[in-house]
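Raw input.csv, CSV, C-alpha atoms:
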chain,number,residue,atom,x,y,z
A,13,MET,CA,20.7,-124.8,-144.9
A,14,LYS,CA,23.3,-123.2,-142.5
A,15,ILE,CA,21.8,-119.9,-141.5
A,16,LEU,CA,23.4,-117.1,-139.4
A,17,VAL,CA,21.1,-114.8,-137.5
A,18,VAL,CA,22.7,-111.4,-137.5
A,19,ILE,CA,21.6,-109.1,-134.7
A,20,PRO,CA,22.7,-105.5,-135.3
A,21,ALA,CA,22.6,-103.5,-132.1
A,22,TYR,CA,23.3,-99.8,-131.4
A,23,ASN,CA,22.7,-98.7,-127.8
A,24,GLU,CA,20.3,-101.6,-127.2
A,25,ALA,CA,21.4,-102.5,-123.7
A,26,GLN,CA,17.7,-102.6,-122.6
A,27,ASN,CA,16.7,-105.1,-125.3
A,28,ILE,CA,19.7,-107.1,-126.4
A,29,VAL,CA,19.6,-109.8,-123.8
A,30,SER,CA,15.9,-110.6,-124.4
A,31,VAL,CA,16.4,-110.5,-128.2
A,32,ALA,CA,19.4,-112.8,-128.1
A,33,GLU,CA,17.7,-115.2,-125.6
A,34,GLU,CA,14.6,-115.3,-127.8
A,35,VAL,CA,16.7,-116.3,-130.8
A,36,LYS,CA,18.5,-119.0,-128.7
A,37,ARG,CA,15.2,-120.3,-127.5
A,38,VAL,CA,13.1,-120.1,-130.6
A,39,VAL,CA,15.6,-121.0,-133.3
A,40,PRO,CA,18.3,-123.1,-131.5
A,41,GLN,CA,19.1,-124.8,-134.8
A,42,TYR,CA,20.7,-121.6,-136.1
A,43,ASP,CA,23.9,-119.8,-135.1
A,44,PHE,CA,23.6,-116.2,-134.3
A,45,ALA,CA,26.0,-113.2,-133.8
A,46,VAL,CA,25.3,-109.8,-132.2
A,47,VAL,CA,27.0,-106.9,-134.0
A,48,ASN,CA,27.6,-104.1,-131.6
A,49,ASP,CA,27.8,-101.0,-133.7
A,50,GLY,CA,30.0,-98.9,-131.5
A,51,SER,CA,27.3,-98.5,-128.8
A,52,ARG,CA,28.1,-96.1,-125.9
A,53,ASP,CA,26.0,-98.1,-123.5
A,54,GLU,CA,26.5,-101.6,-122.0
A,55,THR,CA,25.4,-103.5,-125.1
A,56,ALA,CA,28.9,-105.1,-125.6
A,57,LYS,CA,29.4,-105.8,-121.9
A,58,LEU,CA,26.1,-107.6,-121.6
A,59,CYS,CA,26.8,-109.7,-124.6
A,60,ARG,CA,30.2,-110.8,-123.2
A,61,GLU,CA,28.7,-111.5,-119.8
A,62,HIS,CA,26.1,-113.8,-121.4
A,63,GLY,CA,28.7,-115.4,-123.8
A,64,TYR,CA,26.9,-114.4,-127.0
A,65,PRO,CA,29.1,-114.4,-130.1
A,66,LEU,CA,29.9,-110.8,-130.5
A,67,LEU,CA,31.2,-108.8,-133.5
A,68,ASP,CA,32.3,-105.7,-131.6
A,69,LEU,CA,32.8,-102.7,-134.0
A,70,SER,CA,35.2,-100.2,-132.5
A,71,ALA,CA,33.3,-97.2,-134.0
A,72,ASN,CA,29.7,-96.6,-135.1
A,73,LEU,CA,29.4,-97.6,-138.7
A,74,GLY,CA,25.6,-97.4,-139.1
A,75,LEU,CA,23.2,-100.2,-140.0
A,76,THR,CA,24.8,-100.9,-143.3
A,77,GLY,CA,28.3,-101.5,-141.8
A,78,ALA,CA,26.9,-103.5,-139.0
A,79,VAL,CA,24.9,-105.9,-141.2
A,80,GLN,CA,27.7,-106.1,-143.7
A,81,THR,CA,30.1,-107.2,-140.9
A,82,GLY,CA,27.7,-110.0,-140.1
A,83,MET,CA,27.6,-111.0,-143.7
A,84,ARG,CA,31.3,-110.9,-144.1
A,85,TYR,CA,31.6,-113.2,-141.0
A,86,ALA,CA,29.0,-115.5,-142.5
A,87,LEU,CA,30.8,-115.7,-145.8
A,88,GLU,CA,34.1,-116.5,-144.2
A,89,ASN,CA,32.5,-119.2,-142.0
A,90,GLY,CA,30.7,-121.0,-144.8
A,91,TYR,CA,27.1,-120.1,-144.0
A,92,ASP,CA,24.4,-120.4,-146.7
A,93,ALA,CA,22.2,-117.6,-145.7
A,94,VAL,CA,22.0,-114.6,-143.4
A,95,VAL,CA,18.9,-113.2,-141.7
A,96,GLN,CA,18.7,-109.8,-140.1
A,97,ILE,CA,16.9,-109.7,-136.7
A,98,ASP,CA,17.1,-106.2,-135.3
A,99,GLY,CA,18.4,-105.6,-131.8
A,100,ASP,CA,15.4,-103.7,-130.7
A,101,GLY,CA,13.1,-106.7,-130.5
A,102,GLN,CA,10.7,-105.9,-133.3
A,103,HIS,CA,11.5,-108.9,-135.4
A,104,ASP,CA,10.1,-112.3,-134.3
A,105,PRO,CA,12.6,-115.1,-135.0
A,106,ARG,CA,9.8,-117.7,-135.2
A,107,PHE,CA,9.2,-116.7,-138.8
A,108,VAL,CA,12.8,-117.5,-139.9
A,109,PRO,CA,12.4,-121.2,-140.4
A,110,GLU,CA,9.4,-120.6,-142.6
A,111,MET,CA,11.2,-117.9,-144.6
A,112,ALA,CA,14.1,-120.4,-145.0
A,113,ALA,CA,11.7,-123.1,-146.2
A,114,LEU,CA,10.3,-120.7,-148.8
A,115,MET,CA,13.8,-119.8,-149.9
A,116,GLU,CA,14.8,-123.5,-150.3
A,117,GLN,CA,11.6,-124.5,-152.0
A,118,LYS,CA,11.7,-121.8,-154.6
A,119,GLY,CA,15.4,-121.4,-154.9
A,120,LEU,CA,15.2,-117.7,-153.9
A,121,ASP,CA,18.0,-115.2,-153.3
A,122,LEU,CA,16.2,-112.9,-151.0
A,123,VAL,CA,13.1,-113.4,-148.8
A,124,ILE,CA,11.6,-110.3,-147.2
A,125,GLY,CA,9.5,-110.6,-144.1
A,126,SER,CA,6.5,-108.5,-145.0
A,127,ARG,CA,4.1,-106.9,-142.6
A,128,PHE,CA,1.5,-106.2,-145.3
A,129,LEU,CA,1.4,-109.3,-147.5
A,130,GLU,CA,-1.5,-110.6,-145.4
A,131,GLY,CA,-2.0,-108.1,-142.6
A,132,LYS,CA,-4.2,-105.1,-142.9
A,133,ARG,CA,-2.7,-101.8,-143.9
A,134,THR,CA,-2.8,-99.0,-141.4
A,135,LYS,CA,-2.5,-95.4,-142.3
A,136,SER,CA,0.5,-93.5,-140.9
A,137,MET,CA,3.4,-91.4,-142.3
A,138,ARG,CA,5.7,-94.4,-142.0
A,139,HIS,CA,3.4,-96.6,-144.1
A,140,PHE,CA,3.0,-93.8,-146.6
A,141,GLY,CA,6.8,-93.8,-147.1
A,142,ASN,CA,6.8,-97.5,-147.3
A,143,GLY,CA,4.1,-97.5,-150.0
A,144,LEU,CA,6.0,-94.9,-152.0
A,145,LEU,CA,9.1,-97.1,-152.0
A,146,ASN,CA,7.0,-100.2,-153.0
A,147,ARG,CA,5.6,-98.2,-155.9
A,148,ALA,CA,9.0,-97.0,-156.9
A,149,ILE,CA,10.2,-100.7,-157.0
A,150,LYS,CA,7.1,-101.8,-158.9
A,151,LEU,CA,7.7,-99.0,-161.4
A,152,THR,CA,11.3,-99.7,-162.0
A,153,THR,CA,11.4,-103.5,-161.8
A,154,GLY,CA,7.8,-104.6,-162.4
A,155,LYS,CA,7.9,-106.6,-159.2
A,156,ARG,CA,5.2,-106.2,-156.6
A,157,ILE,CA,6.7,-105.7,-153.2
A,158,THR,CA,4.5,-104.9,-150.2
A,159,ASP,CA,7.1,-104.1,-147.5
A,160,ALA,CA,10.2,-102.7,-149.0
A,161,THR,CA,11.3,-101.1,-145.7
A,162,SER,CA,11.1,-104.3,-143.7
A,163,GLY,CA,14.5,-105.0,-142.1
A,164,MET,CA,13.7,-108.6,-141.6
A,165,ARG,CA,15.3,-110.1,-144.7
A,166,LEU,CA,16.9,-113.5,-145.4
A,167,TYR,CA,19.8,-113.2,-147.8
A,168,GLY,CA,20.7,-116.3,-149.8
A,169,LYS,CA,24.1,-117.7,-150.7
A,170,ARG,CA,24.2,-116.3,-154.3
A,171,ILE,CA,24.0,-112.7,-153.2
A,172,LEU,CA,25.9,-113.1,-149.9
A,173,ARG,CA,29.4,-112.3,-151.3
A,174,THR,CA,28.2,-109.1,-153.1
A,175,MET,CA,26.2,-108.0,-150.0
A,176,ALA,CA,29.2,-108.6,-147.8
A,177,THR,CA,31.9,-106.9,-149.8
A,178,ASP,CA,30.2,-104.3,-152.0
A,179,ARG,CA,29.4,-101.0,-150.4
A,180,ASP,CA,26.6,-100.2,-152.8
A,181,PHE,CA,24.6,-103.1,-151.4
A,182,SER,CA,23.2,-101.8,-148.1
A,183,PRO,CA,20.4,-103.6,-146.4
A,184,GLU,CA,17.9,-101.1,-147.6
A,185,PRO,CA,15.0,-100.9,-150.1
A,186,ASP,CA,17.2,-99.5,-152.9
A,187,THR,CA,19.2,-102.7,-152.8
A,188,VAL,CA,16.0,-104.7,-153.1
A,189,ALA,CA,15.2,-102.9,-156.3
A,190,TYR,CA,18.8,-103.2,-157.5
A,191,LEU,CA,18.9,-107.0,-156.8
A,192,ILE,CA,15.6,-107.6,-158.7
A,193,ARG,CA,17.0,-105.7,-161.6
A,194,ARG,CA,20.2,-107.7,-161.5
A,195,GLY,CA,18.1,-110.9,-161.8
A,196,ALA,CA,17.9,-112.0,-158.2
A,197,LYS,CA,14.9,-114.0,-157.2
A,198,VAL,CA,13.0,-112.1,-154.5
A,199,GLU,CA,9.8,-113.1,-152.7
A,200,GLU,CA,8.0,-112.0,-149.6
A,201,TYR,CA,6.8,-114.0,-146.6
A,202,PRO,CA,4.1,-112.7,-144.3
A,203,VAL,CA,5.3,-111.9,-140.8
A,204,VAL,CA,4.0,-110.0,-137.8
A,205,MET,CA,6.3,-107.4,-136.2
A,206,ARG,CA,6.2,-105.9,-132.8
A,207,GLU,CA,6.9,-102.4,-131.6
A,208,ARG,CA,10.4,-101.9,-130.3
A,209,ALA,CA,10.6,-103.3,-126.8
A,210,ALA,CA,12.4,-100.4,-125.0
A,211,GLY,CA,14.4,-97.3,-125.8
A,212,GLU,CA,14.2,-94.9,-128.7
A,213,SER,CA,13.9,-95.4,-132.4
A,214,TYR,CA,16.5,-94.1,-134.7
A,215,LEU,CA,14.0,-92.6,-137.1
A,216,SER,CA,13.3,-88.9,-136.4
A,217,PRO,CA,11.0,-87.0,-138.8
A,218,TRP,CA,13.9,-85.3,-140.4
A,219,ARG,CA,15.9,-88.5,-140.7
A,220,SER,CA,12.9,-90.2,-142.3
A,221,ILE,CA,12.6,-87.5,-145.0
A,222,ARG,CA,16.3,-87.7,-145.8
A,223,TYR,CA,16.1,-91.4,-145.9
A,224,MET,CA,13.1,-91.3,-148.3
A,225,GLY,CA,14.9,-88.8,-150.6
A,226,HIS,CA,18.1,-90.9,-150.6
A,227,MET,CA,16.2,-94.1,-151.4
A,228,LEU,CA,14.1,-92.6,-154.2
A,229,ALA,CA,17.2,-90.9,-155.7
A,230,CYS,CA,19.0,-94.3,-155.7
A,231,ILE,CA,16.1,-96.3,-157.2
A,232,PHE,CA,15.2,-93.8,-159.9
A,233,LEU,CA,18.5,-92.2,-160.8
A,234,ILE,CA,21.8,-93.3,-159.3
A,235,GLN,CA,21.4,-97.1,-159.8
A,236,TRP,CA,21.1,-96.7,-163.6
A,237,PHE,CA,24.7,-95.3,-163.7
A,238,ARG,CA,26.3,-98.0,-161.6
A,239,LYS,CA,28.8,-100.3,-163.2
A,240,ARG,CA,27.1,-103.5,-164.3
A,241,ARG,CA,28.2,-106.4,-162.1
A,242,ASN,CA,27.2,-109.9,-161.7
A,243,LEU,CA,25.6,-110.9,-158.4
B,233,MET,CA,42.6,-55.1,-162.9
B,234,SER,CA,43.4,-52.4,-160.4
B,235,VAL,CA,46.8,-52.1,-158.8
B,236,PRO,CA,45.5,-52.8,-155.2
B,237,VAL,CA,43.9,-56.1,-156.4
B,238,ARG,CA,47.1,-57.1,-158.1
B,239,ILE,CA,49.1,-56.4,-154.9
B,240,LEU,CA,46.5,-58.4,-153.0
B,241,LEU,CA,46.8,-61.3,-155.3
B,242,LEU,CA,50.5,-61.2,-155.2
B,243,ALA,CA,50.6,-61.0,-151.4
B,244,GLY,CA,48.2,-63.9,-151.1
B,245,ALA,CA,50.2,-66.0,-153.5
B,246,VAL,CA,53.5,-65.2,-151.8
B,247,TRP,CA,52.1,-66.0,-148.4
B,248,THR,CA,50.8,-69.3,-149.7
B,249,PHE,CA,54.2,-70.2,-151.2
B,250,ILE,CA,56.0,-69.4,-147.9
B,251,TYR,CA,53.5,-71.4,-145.9
B,252,VAL,CA,53.5,-74.4,-148.1
B,253,PHE,CA,57.3,-74.6,-148.3
B,254,ARG,CA,57.5,-74.3,-144.5
B,255,CYS,CA,55.1,-77.2,-144.2
B,256,ILE,CA,57.2,-79.3,-146.6
B,257,ARG,CA,60.4,-78.4,-144.7
B,258,LYS,CA,58.8,-79.4,-141.4
B,259,ASP,CA,57.6,-82.6,-143.0
B,260,LYS,CA,53.9,-81.7,-142.3
B,261,MET,CA,53.1,-82.0,-146.0
B,262,LYS,CA,54.2,-84.5,-148.6
B,263,ASP,CA,55.4,-83.4,-152.0
B,264,ASP,CA,52.4,-84.6,-153.8
B,265,GLU,CA,50.0,-83.1,-151.3
B,266,SER,CA,51.6,-79.6,-151.8
B,267,PHE,CA,51.3,-79.9,-155.6
B,268,TYR,CA,47.9,-78.3,-155.8
B,269,TRP,CA,48.7,-75.3,-153.6
B,270,ILE,CA,52.0,-74.5,-155.4
B,271,ILE,CA,50.3,-74.6,-158.8
B,272,SER,CA,47.4,-72.5,-157.7
B,273,ALA,CA,49.7,-69.9,-156.0
B,274,GLY,CA,51.7,-69.9,-159.2
B,275,VAL,CA,48.6,-69.1,-161.2
B,276,LEU,CA,47.8,-66.2,-158.9
B,277,VAL,CA,51.3,-64.8,-159.2
B,278,LEU,CA,51.1,-65.1,-163.0
B,279,LEU,CA,47.8,-63.2,-163.0
B,280,ALA,CA,49.1,-60.5,-160.7
B,281,VAL,CA,52.4,-59.9,-162.6
B,282,PHE,CA,50.9,-60.1,-166.1
B,283,PRO,CA,47.4,-58.7,-165.8
B,284,GLU,CA,47.3,-58.5,-169.6
B,285,ILE,CA,46.6,-62.2,-169.6
B,286,ILE,CA,43.4,-61.7,-167.7
B,287,THR,CA,42.3,-58.5,-169.4
B,288,GLU,CA,42.8,-60.2,-172.8
B,289,LEU,CA,40.9,-63.3,-171.8
B,290,ALA,CA,38.1,-61.3,-170.2
B,291,GLY,CA,37.7,-59.4,-173.5
B,292,LEU,CA,37.7,-62.7,-175.4
B,293,LEU,CA,35.0,-64.2,-173.2
B,294,GLY,CA,32.9,-61.0,-173.0
B,295,VAL,CA,33.5,-60.6,-169.2
B,296,GLU,CA,33.0,-56.9,-168.5
B,297,SER,CA,35.3,-56.6,-165.5
B,298,ALA,CA,38.6,-58.5,-165.6
B,299,VAL,CA,38.6,-59.0,-161.9
B,300,ASN,CA,35.4,-61.0,-162.2
B,301,LEU,CA,37.2,-63.5,-164.3
B,302,VAL,CA,39.8,-63.9,-161.6
B,303,PHE,CA,37.0,-64.7,-159.2
B,304,LEU,CA,35.5,-67.2,-161.7
B,305,ILE,CA,38.8,-68.9,-162.0
B,306,VAL,CA,39.4,-69.1,-158.3
B,307,ILE,CA,35.8,-70.4,-157.7
B,308,PHE,CA,36.3,-73.1,-160.4
B,309,MET,CA,39.6,-74.1,-158.7
B,310,LEU,CA,37.9,-74.3,-155.3
B,311,ILE,CA,35.0,-76.4,-156.6
B,312,LEU,CA,37.5,-78.9,-158.2
B,313,LYS,CA,39.4,-79.0,-154.9
B,314,VAL,CA,36.2,-79.7,-152.9
B,315,PHE,CA,35.1,-82.4,-155.4
B,316,PHE,CA,38.4,-84.3,-155.2
B,317,MET,CA,38.5,-83.8,-151.4
B,318,ASP,CA,35.1,-85.3,-151.2
B,319,ARG,CA,36.2,-88.3,-153.2
B,320,LYS,CA,39.2,-88.7,-151.0
B,321,LEU,CA,37.1,-88.5,-147.9
B,322,ALA,CA,34.8,-91.2,-149.2
B,323,ALA,CA,37.8,-93.5,-150.0
B,324,LEU,CA,39.1,-92.9,-146.5
B,325,ARG,CA,35.7,-93.7,-145.0
B,326,HIS,CA,35.5,-96.9,-146.9
B,327,GLN,CA,39.0,-97.9,-145.8
B,328,THR,CA,38.2,-97.2,-142.1
B,329,THR,CA,34.9,-99.2,-142.4
B,330,GLU,CA,36.8,-102.1,-143.8
B,331,VAL,CA,39.4,-102.0,-141.0
B,332,ILE,CA,36.7,-101.8,-138.3
B,333,GLU,CA,34.7,-104.7,-139.9
B,334,LYS,CA,37.7,-106.9,-140.3
B,335,THR,CA,39.1,-106.3,-136.8
B,336,ALA,CA,35.7,-107.2,-135.3
B,337,ILE,CA,35.6,-110.5,-137.3
B,338,GLU,CA,39.2,-111.4,-136.4
B,339,LYS,CA,38.5,-110.8,-132.7
B,340,LEU,CA,35.4,-113.1,-132.8
B,341,ASN,CA,37.3,-115.8,-134.7
B,342,GLU,CA,40.1,-115.6,-132.1
B,343,GLU,CA,37.7,-115.8,-129.2
B,344,LYS,CA,36.1,-118.9,-130.8
B,345,LYS,CA,39.5,-120.5,-131.3
B,346,ASN,CA,40.4,-119.8,-127.7
B,347,LYS,CA,37.1,-121.4,-126.5
B,348,GLU,CA,37.8,-124.5,-128.5
B,349,ASP,CA,41.4,-125.0,-127.2

Rendering of file as structure tokens:
Amino acid sequence: MKILVVIPAYNEAQNIVSVAEEVKRVVPQYDFAVVNDGSRDETAKLCREHGYPLLDLSANLGLTGAVQTGMRYALENGYDAVVQIDGDGQHDPRFVPEMAALMEQKGLDLVIGSRFLEGKRTKSMRHFGNGLLNRAIKLTTGKRITDATSGMRLYGKRILRTMATDRDFSPEPDTVAYLIRRGAKVEEYPVVMRERAAGESYLSPWRSIRYMGHMLACIFLIQWFRKRRNL
Amino acid sequence: MSVPVRILLLAGAVWTFIYVFRCIRKDKMKDDESFYWIISAGVLVLLAVFPEIITELAGLLGVESAVNLVFLIVIFMLILKVFFMDRKLAALRHQTTEVIEKTAIEKLNEEKKNKED
């Protein structure tokens, strides 16, 4: 399976080199591309200096646009799957081959790297929000998902085209619900995540609340009105 | 509707007309973009010149003060405008996104080709 590791990065000058080097070292069998999402720091410059394949967005599009660019690139270059490894260093690439093996073995369309499939649950606001989304997915699709908000996802060939070209398919929990409902085969694989290595997280309390509201509205309401399309 | 309100409506409409036509003449506005403003200014002129229309309609709908119906109509027109502007804005955003994504991909493809040569 030809896999492209997509590394979305927004102002990650402090982390991007170590993340890319780790990908190169741990999974040399896969190609990777950094997507610089219009960073204002030296992210792009560092990538060029180190010769990393760089998809350099001329303006900030947000995570959806960044990941979608990577998928578009993968689609055009004949890749079979795309895995998202965040530019902040929280995703460990050593799990990717295992996720890929699960995908091939079971013929899956999406493998989610889950923090909670085996690991213990901790109690925090973030996990409360995650649990709420998991329950929303269970309620609307019947499928048990333990880590809907995990960004570490492996997208298979069958859904790549839709993911790359359709704006409604953002790399977010609502898409997981939508994909399941459209008949995509989704499973989780247990992974361990780290705290972001350096710098600041994008999620402020206010943003988190808006994010939750948006996700729940999509899962419970808006998705049901969407035009039916095949994957 | 009181005479001052009618004068106000008329003045507003006439001013809109003048401004829109000046924009068209200076090529700052395309014909189809000016359509909405010309029509809405026309409606205001109509209401100011023939207030019977609005009084009659207000009686029919049970709106006590005719001028309130004028407000209602204007609000409705504004909401429509905002809705269509929002849709236009979304379309523009999607077009920009696609351009940005495609340029980035083309640039990388080119860099790869240069490396191979």

Could you check how far atom CA of Ala280 of chain B sits from atom CA of Met309 of chain B, in Å to one decimal? 16.7 Å

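For the atom pair formed by atom CA of Asp43 of chain A and atom CA of Tyr85 of chain A, the distance is 11.7 Å, given to one decimal.
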
Quick one: contact table of chain A to chain B, 6 Å max, nearest atom pair and distance in Å to one decimal per residue, counting all atoms listed in the file, chain and number order, as a tab-separated table?
residue	atom	partner	partner_atom	distance
A:Leu67	CA	B:Ala336	CA	5.1
A:Asp68	CA	B:Ala336	CA	5.2
A:Leu69	CA	B:Ala336	CA	5.5
A:Thr81	CA	B:Glu333	CA	5.3

Could you jot down the atom CA of Phe249 of chain B to atom CA of Met261 of chain B separation for me, Å, one decimal place? 12.9 Å

Counting only C-alpha atoms, note down every residue that has an atom within 12 Å of the point (29.5, -110.9, -159.7) (file coordinates), as number ranges by chain. A: 170-175, 177-178, 191, 194-196, 239-243

Write the residues of the selection above to a file with C-alpha atoms, as a CSV table (one decimal), keeping the file's coordinate frame.
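Result file is part31.csv:
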chain,number,residue,atom,x,y,z
A,170,ARG,CA,24.2,-116.3,-154.3
A,171,ILE,CA,24.0,-112.7,-153.2
A,172,LEU,CA,25.9,-113.1,-149.9
A,173,ARG,CA,29.4,-112.3,-151.3
A,174,THR,CA,28.2,-109.1,-153.1
A,175,MET,CA,26.2,-108.0,-150.0
A,177,THR,CA,31.9,-106.9,-149.8
A,178,ASP,CA,30.2,-104.3,-152.0
A,191,LEU,CA,18.9,-107.0,-156.8
A,194,ARG,CA,20.2,-107.7,-161.5
A,195,GLY,CA,18.1,-110.9,-161.8
A,196,ALA,CA,17.9,-112.0,-158.2
A,239,LYS,CA,28.8,-100.3,-163.2
A,240,ARG,CA,27.1,-103.5,-164.3
A,241,ARG,CA,28.2,-106.4,-162.1
A,242,ASN,CA,27.2,-109.9,-161.7
A,243,LEU,CA,25.6,-110.9,-158.4

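With all atoms listed in the file as the atoms that count, the minimum distance from Val18 of chain A to the choices A:Glu61, A:Asp98, A:Glu33, A:Glu54 is reached by A:Asp98.
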
For Lys169 of chain A, please output as a ChimeraX atom specification all residues within 10 Å (counting only C-alpha atoms; exclusion window: fewer than 6 positions along the same chain). /A:13-15,86-87,90-94,120-122,175

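Between Ile124 of chain A and the residues A:Arg37, A:Arg179, A:Arg165, A:Arg193, the shortest atom-to-atom distance, using only C-alpha atoms, involves A:Arg165.
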
What lies within 8 Å of Leu66 of chain A using all atoms listed in the file, ignoring chain neighbours under 2 positions off, as a ChimeraX atom specification? /A:45-48,56,59-60,64,68 /B:340

Let's have the selection written as a PDB file, keeping the file's coordinate frame, with C-alpha atoms.
ATOM      1  CA  ALA A  45      26.000-113.200-133.800  1.00  0.00           C
ATOM      2  CA  VAL A  46      25.300-109.800-132.200  1.00  0.00           C
ATOM      3  CA  VAL A  47      27.000-106.900-134.000  1.00  0.00           C
ATOM      4  CA  ASN A  48      27.600-104.100-131.600  1.00  0.00           C
ATOM      5  CA  ALA A  56      28.900-105.100-125.600  1.00  0.00           C
ATOM      6  CA  CYS A  59      26.800-109.700-124.600  1.00  0.00           C
ATOM      7  CA  ARG A  60      30.200-110.800-123.200  1.00  0.00           C
ATOM      8  CA  TYR A  64      26.900-114.400-127.000  1.00  0.00           C
ATOM      9  CA  ASP A  68      32.300-105.700-131.600  1.00  0.00           C
TER      10      ASP A  68
ATOM     11  CA  LEU B 340      35.400-113.100-132.800  1.00  0.00           C
TER      12      LEU B 340
END

I'd like to know which of A:His103, A:Arg206, A:Arg84, A:His62 is closest to Val35 of chain A, using all atoms listed in the file. A:His103

Mind checking which residues fall within 10 Å of Val281 of chain B, counting all atoms listed in the file, ignoring those fewer than 2 positions away in the same chain, and posting them as a ChimeraX atom specification? /B:238-239,241-242,276-279,283-285

Please produce an output containing C-alpha atoms for each residue in the selection, written as a PDB file, in the frame of the given file.
ATOM      1  CA  ARG B 238      47.100 -57.100-158.100  1.00  0.00           C
ATOM      2  CA  ILE B 239      49.100 -56.400-154.900  1.00  0.00           C
ATOM      3  CA  LEU B 241      46.800 -61.300-155.300  1.00  0.00           C
ATOM      4  CA  LEU B 242      50.500 -61.200-155.200  1.00  0.00           C
ATOM      5  CA  LEU B 276      47.800 -66.200-158.900  1.00  0.00           C
ATOM      6  CA  VAL B 277      51.300 -64.800-159.200  1.00  0.00           C
ATOM      7  CA  LEU B 278      51.100 -65.100-163.000  1.00  0.00           C
ATOM      8  CA  LEU B 279      47.800 -63.200-163.000  1.00  0.00           C
ATOM      9  CA  PRO B 283      47.400 -58.700-165.800  1.00  0.00           C
ATOM     10  CA  GLU B 284      47.300 -58.500-169.600  1.00  0.00           C
ATOM     11  CA  ILE B 285      46.600 -62.200-169.600  1.00  0.00           C
TER      12      ILE B 285
END

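Surrounding segment 30-32 of chain A within 8 Å are Ile19, Lys36, Val46, Tyr64, Gly99, Asp100 and Gly101 of chain A, with only C-alpha atoms counted and residues fewer than 4 positions along the same chain left out.
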
Skip Met227 of chain A itself and residues of its chain fewer than 6 positions away, then list as a VMD selection string all residues within 8 Å of it, counting only C-alpha atoms. chain A and resid 145 185 to 186

Save segment 275-293 of chain B from what I just supplied, as a PDB file, in the first residue's frame, atoms limited to C-alpha atoms.
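And here's part-v1.pdb as it stands now:
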ATOM      1  CA  VAL B 275     -39.876  50.294  -4.746  1.00  0.00           C
ATOM      2  CA  LEU B 276     -39.168  53.119  -2.282  1.00  0.00           C
ATOM      3  CA  VAL B 277     -40.042  55.771  -4.879  1.00  0.00           C
ATOM      4  CA  LEU B 278     -43.263  53.955  -5.647  1.00  0.00           C
ATOM      5  CA  LEU B 279     -44.202  53.847  -1.961  1.00  0.00           C
ATOM      6  CA  ALA B 280     -43.345  57.518  -1.451  1.00  0.00           C
ATOM      7  CA  VAL B 281     -45.261  58.751  -4.506  1.00  0.00           C
ATOM      8  CA  PHE B 282     -48.299  56.513  -4.051  1.00  0.00           C
ATOM      9  CA  PRO B 283     -48.716  56.076  -0.281  1.00  0.00           C
ATOM     10  CA  GLU B 284     -52.196  54.635  -0.917  1.00  0.00           C
ATOM     11  CA  ILE B 285     -50.508  51.359  -1.852  1.00  0.00           C
ATOM     12  CA  ILE B 286     -49.003  50.989   1.573  1.00  0.00           C
ATOM     13  CA  THR B 287     -52.026  52.277   3.490  1.00  0.00           C
ATOM     14  CA  GLU B 288     -54.273  49.877   1.617  1.00  0.00           C
ATOM     15  CA  LEU B 289     -51.905  46.967   2.163  1.00  0.00           C
ATOM     16  CA  ALA B 290     -51.501  47.836   5.859  1.00  0.00           C
ATOM     17  CA  GLY B 291     -55.280  47.789   6.284  1.00  0.00           C
ATOM     18  CA  LEU B 292     -55.478  44.446   4.525  1.00  0.00           C
ATOM     19  CA  LEU B 293     -52.771  42.883   6.712  1.00  0.00           C
TER      20      LEU B 293
END
